[in-house]
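Participant: This is the structure I want to talk about, given as structure tokens.
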Amino acid sequence: MTVAGGAFTEGTPCWTDAMLPDPEAGKRFYGELFGWTFGDPAPPGRRGQGSRTVALLDGRRVASLVRKPDGRLPTVWTVYFATPDAAATARRIRAAGGQLVTEPEAVGGEGTAATAVDPGGAVFGLWQPEALEGFETVREPGSYVWTEVCTREREPVDAFYREVFGYGMYPAGDGSVGEAADVMVWAPRGEPADDEHAVGSRTMIDETYPVEMPAHFLVHFAVADCDAVVRTAVRLGGRTVDGPRDTPFGRHAVLTDNQGARFGVLDAPTAL
């Protein structure tokens, strides 16, 4: 089992949560889909959030489900990027053309959280850890494996993430360099910009997406059998958005859960 141990490098995805109208229905869906178990619900961790429940895979933290405090809020998975100083990262976000949705705020003794929106309109989180460092397991079936921001704003978004997190970037595919790359892969500041060190990517929203689709982050979970997971998700009340299909990184599909939250699944044997 791959365990996420020690501190997360700045700019590395370190946590994800799903904001749902009915967390109990979410437990039933993800419990059967990924084999998750759940702790007892905890009180709201910060303003604007409802009660939350940590999801466990073989006893290790992999995600959390959060009750929506307001029905007008989106039903969505959110990815959180590690930062040693949430306040300083928030200042860089503003300076680079982004906005803060929620200011950095302490979450008990677990850490400090904030949410932000990039220049293309995609929402993401920041996490400055204390007691809760983040994922305890990644890249194993049923755990987090990848995130990508899907956007219509190529140059502003690339410049934003370079400025905020210091990412090294390189185009996916044959390695040819060009500003017009449809997919740019991210590596943390100071690390080689290659597949071994990749932590996420930017992809363009094109004509294959609905015209009303907003910019967003798509969180992916590793699975052992993509096709079987898709069938299970549909049986549990979810929906297939894209795939299953083969990609250079493994067999992949995009799904929504039984409440409408979108996520991706990727075959674990070839997961990034």
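Chains: A, B, ... in order of the structure tokens. Residues: from 1 per chain. Ligands: from 1, in order shown.
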Determine, counting only C-alpha atoms, which protein, DNA and RNA residues have an atom within 12 Å of an atom of Ala159 in chain A; residues of the same chain fewer than 3 positions away are not included. Present the result as a list in words.
Facilitator: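 Listed by chain and then number, they are Arg92, Ile93, Ala95, Ala96, Gly97, Gly98, Asp118, Pro119, Gly120, Glu153, Arg154, Glu155, Pro156, Arg162, Glu163, Val164, Phe165, Gly166, Tyr167, Gly168, Met169, Glu179, Met184, Trp186 and Arg202 of chain A.
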Participant: Identify all residues of range 125-201 of chain A in strand (DSSP E) (DSSP on the backbone) and supply them as a PDB file with C-alpha atoms, in the first residue's frame.
Facilitator:
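Contents of the output file states_31.pdb:
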```
ATOM      1  CA  GLY A 125      -8.617  24.870  -1.555  1.00  0.00           C
ATOM      2  CA  LEU A 126      -5.501  25.561   0.491  1.00  0.00           C
ATOM      3  CA  TRP A 127      -4.470  23.486   3.496  1.00  0.00           C
ATOM      4  CA  GLN A 128      -1.796  24.480   6.014  1.00  0.00           C
ATOM      5  CA  PRO A 129      -1.480  21.354   8.148  1.00  0.00           C
ATOM      6  CA  TYR A 144      -6.837   9.822  -4.502  1.00  0.00           C
ATOM      7  CA  VAL A 145      -4.564   9.625  -7.554  1.00  0.00           C
ATOM      8  CA  TRP A 146      -4.732  12.842  -9.661  1.00  0.00           C
ATOM      9  CA  THR A 147      -6.291  16.254 -10.198  1.00  0.00           C
ATOM     10  CA  GLU A 148      -6.631  18.490 -13.225  1.00  0.00           C
ATOM     11  CA  VAL A 149      -8.030  21.947 -13.722  1.00  0.00           C
ATOM     12  CA  CYS A 150     -10.335  22.171 -16.732  1.00  0.00           C
ATOM     13  CA  THR A 151     -10.412  25.725 -18.075  1.00  0.00           C
ATOM     14  CA  GLY A 168       7.388  23.736 -13.391  1.00  0.00           C
ATOM     15  CA  MET A 169       5.223  22.903 -16.404  1.00  0.00           C
ATOM     16  CA  TYR A 170       5.595  20.691 -19.429  1.00  0.00           C
ATOM     17  CA  PRO A 171       3.173  19.580 -22.154  1.00  0.00           C
ATOM     18  CA  VAL A 183      -2.595  19.662 -21.505  1.00  0.00           C
ATOM     19  CA  MET A 184       0.150  21.102 -19.304  1.00  0.00           C
ATOM     20  CA  VAL A 185       1.481  18.947 -16.467  1.00  0.00           C
ATOM     21  CA  TRP A 186       2.595  20.461 -13.151  1.00  0.00           C
ATOM     22  CA  ALA A 187       5.628  19.612 -11.010  1.00  0.00           C
ATOM     23  CA  GLY A 200      -1.520  17.698 -11.452  1.00  0.00           C
ATOM     24  CA  SER A 201      -2.340  19.255 -14.787  1.00  0.00           C
TER      25      SER A 201
END
```
Participant: Could you produce a table of the residues of range 1-117 of chain A lying within 12 Å of range 210-225 of chain A, with the nearest pair of atoms per residue and their separation in Å rounded to one decimal, using only C-alpha atoms, ordered by chain and increasing residue number, as a tab-separated table?
Facilitator:
```
residue	atom	partner	partner_atom	distance
A:Thr2	CA	A:Ala222	CA	11.7
A:Pro13	CA	A:Val219	CA	9.9
A:Cys14	CA	A:Val219	CA	11.7
A:Trp15	CA	A:Val219	CA	10.3
A:Thr16	CA	A:Val219	CA	7.9
A:Asp17	CA	A:Val219	CA	9.6
A:Ala18	CA	A:Val219	CA	10.1
A:Tyr30	CA	A:Phe221	CA	11.2
A:Leu33	CA	A:Val223	CA	9.6
A:Phe34	CA	A:Val223	CA	7.9
A:Gly35	CA	A:Val223	CA	10.8
A:Val62	CA	A:Phe221	CA	9.9
A:Ala63	CA	A:Phe221	CA	10.5
A:Pro74	CA	A:His216	CA	11.5
A:Val76	CA	A:Leu218	CA	9.4
A:Trp77	CA	A:Val219	CA	6.8
A:Thr78	CA	A:Phe217	CA	7.2
A:Val79	CA	A:Val219	CA	6.8
A:Tyr80	CA	A:Val219	CA	10.3
A:Phe81	CA	A:Phe217	CA	11.8
A:Ala116	CA	A:His216	CA	11.8
A:Val117	CA	A:His216	CA	9.4
```
Participant: Any chance you could list, as number ranges by chain, the residues in range 12-182 of chain A that come up alpha helix (DSSP H) when DSSP is run on the backbone?
Facilitator: A: 23-34, 86-95, 154-165
Participant: Could those residues be written to a file, using C-alpha atoms, as a short mmCIF file (atom, residue, chain, number, x, y, z; two decimals), in the first residue's frame?
Facilitator:
```cif
data_model
loop_
_atom_site.label_atom_id
_atom_site.label_comp_id
_atom_site.auth_asym_id
_atom_site.auth_seq_id
_atom_site.Cartn_x
_atom_site.Cartn_y
_atom_site.Cartn_z
CA PRO A 23 -23.77 12.77 3.41
CA GLU A 24 -25.51 9.56 4.54
CA ALA A 25 -26.41 8.82 0.92
CA GLY A 26 -22.81 9.69 0.04
CA LYS A 27 -21.55 7.15 2.55
CA ARG A 28 -23.65 4.42 0.99
CA PHE A 29 -22.49 5.34 -2.53
CA TYR A 30 -18.75 5.69 -1.87
CA GLY A 31 -18.70 2.96 0.73
CA GLU A 32 -19.78 0.41 -1.85
CA LEU A 33 -17.93 1.99 -4.77
CA PHE A 34 -14.49 2.37 -3.14
CA ALA A 86 -1.89 29.93 3.95
CA ALA A 87 -1.87 33.69 4.50
CA ALA A 88 1.19 34.18 2.28
CA THR A 89 -0.28 31.92 -0.42
CA ALA A 90 -3.54 33.90 -0.24
CA ARG A 91 -1.59 37.10 -0.94
CA ARG A 92 0.06 35.49 -3.97
CA ILE A 93 -3.35 34.35 -5.22
CA ARG A 94 -4.64 37.92 -5.19
CA ALA A 95 -1.46 39.30 -6.73
CA ARG A 154 -4.96 28.93 -21.18
CA GLU A 155 -2.34 31.65 -20.67
CA PRO A 156 -3.80 33.41 -17.59
CA VAL A 157 -4.32 30.11 -15.77
CA ASP A 158 -0.85 28.77 -16.57
CA ALA A 159 0.72 32.04 -15.40
CA PHE A 160 -1.40 31.99 -12.23
CA TYR A 161 -0.28 28.55 -11.05
CA ARG A 162 3.35 29.31 -11.87
CA GLU A 163 3.14 32.42 -9.73
CA VAL A 164 1.16 30.98 -6.82
CA PHE A 165 2.82 27.57 -6.43
#
```
Participant: How many Å lie between CA of Phe8 in chain A and CA of Asp257 in chain A, rounded to one decimal?
Facilitator: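 About the pair CA of Phe8 in chain A and CA of Asp257 in chain A: they are 28.4 Å apart.
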Participant: Near Ala228 in chain A, within 12 Å and counting only C-alpha atoms, which residues show up once chain neighbours fewer than 4 positions away are dropped, as a PyMOL selection string?
Facilitator: chain A and resi 33-34+223-224+232-235+244+251-253+265-267
Participant: Have a look at CA of Gly264 in chain A and CA of Val229 in chain A and let me know their distance in Å, one decimal.
Facilitator: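 Rounded to one decimal, the two atoms are 10.8 Å apart.
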Participant: Need the shell around Ser64 in chain A: protein/DNA/RNA residues with any atom at most 6 Å away, counting only C-alpha atoms. Skip same-chain ones fewer than 4 positions apart. Format as a list in words?
Facilitator: Asp17, Thr53, Val54 and Ala55 of chain A
Participant: Can you write out the residues you just picked, keeping N, CA and C atoms, as an mmCIF file, in the first residue's frame?
Facilitator:
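So part_14.cif came out as:
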```
data_model
loop_
_atom_site.group_PDB
_atom_site.id
_atom_site.type_symbol
_atom_site.label_atom_id
_atom_site.label_comp_id
_atom_site.auth_asym_id
_atom_site.auth_seq_id
_atom_site.Cartn_x
_atom_site.Cartn_y
_atom_site.Cartn_z
ATOM 1 N N ASP A 17 -12.444 16.925 -0.481
ATOM 2 C CA ASP A 17 -13.723 16.655 0.160
ATOM 3 C C ASP A 17 -14.857 16.869 -0.838
ATOM 4 N N THR A 53 -17.477 14.263 7.714
ATOM 5 C CA THR A 53 -17.144 12.898 8.102
ATOM 6 C C THR A 53 -15.935 12.457 7.305
ATOM 7 N N VAL A 54 -14.915 11.960 7.984
ATOM 8 C CA VAL A 54 -13.711 11.495 7.299
ATOM 9 C C VAL A 54 -13.938 10.104 6.741
ATOM 10 N N ALA A 55 -13.516 9.908 5.482
ATOM 11 C CA ALA A 55 -13.586 8.605 4.828
ATOM 12 C C ALA A 55 -12.257 7.888 5.001
#
```
Participant: How many Å separate CA of Val66 in chain A from CA of Ala261 in chain A?
Facilitator: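 So the answer is 12.0 Å.
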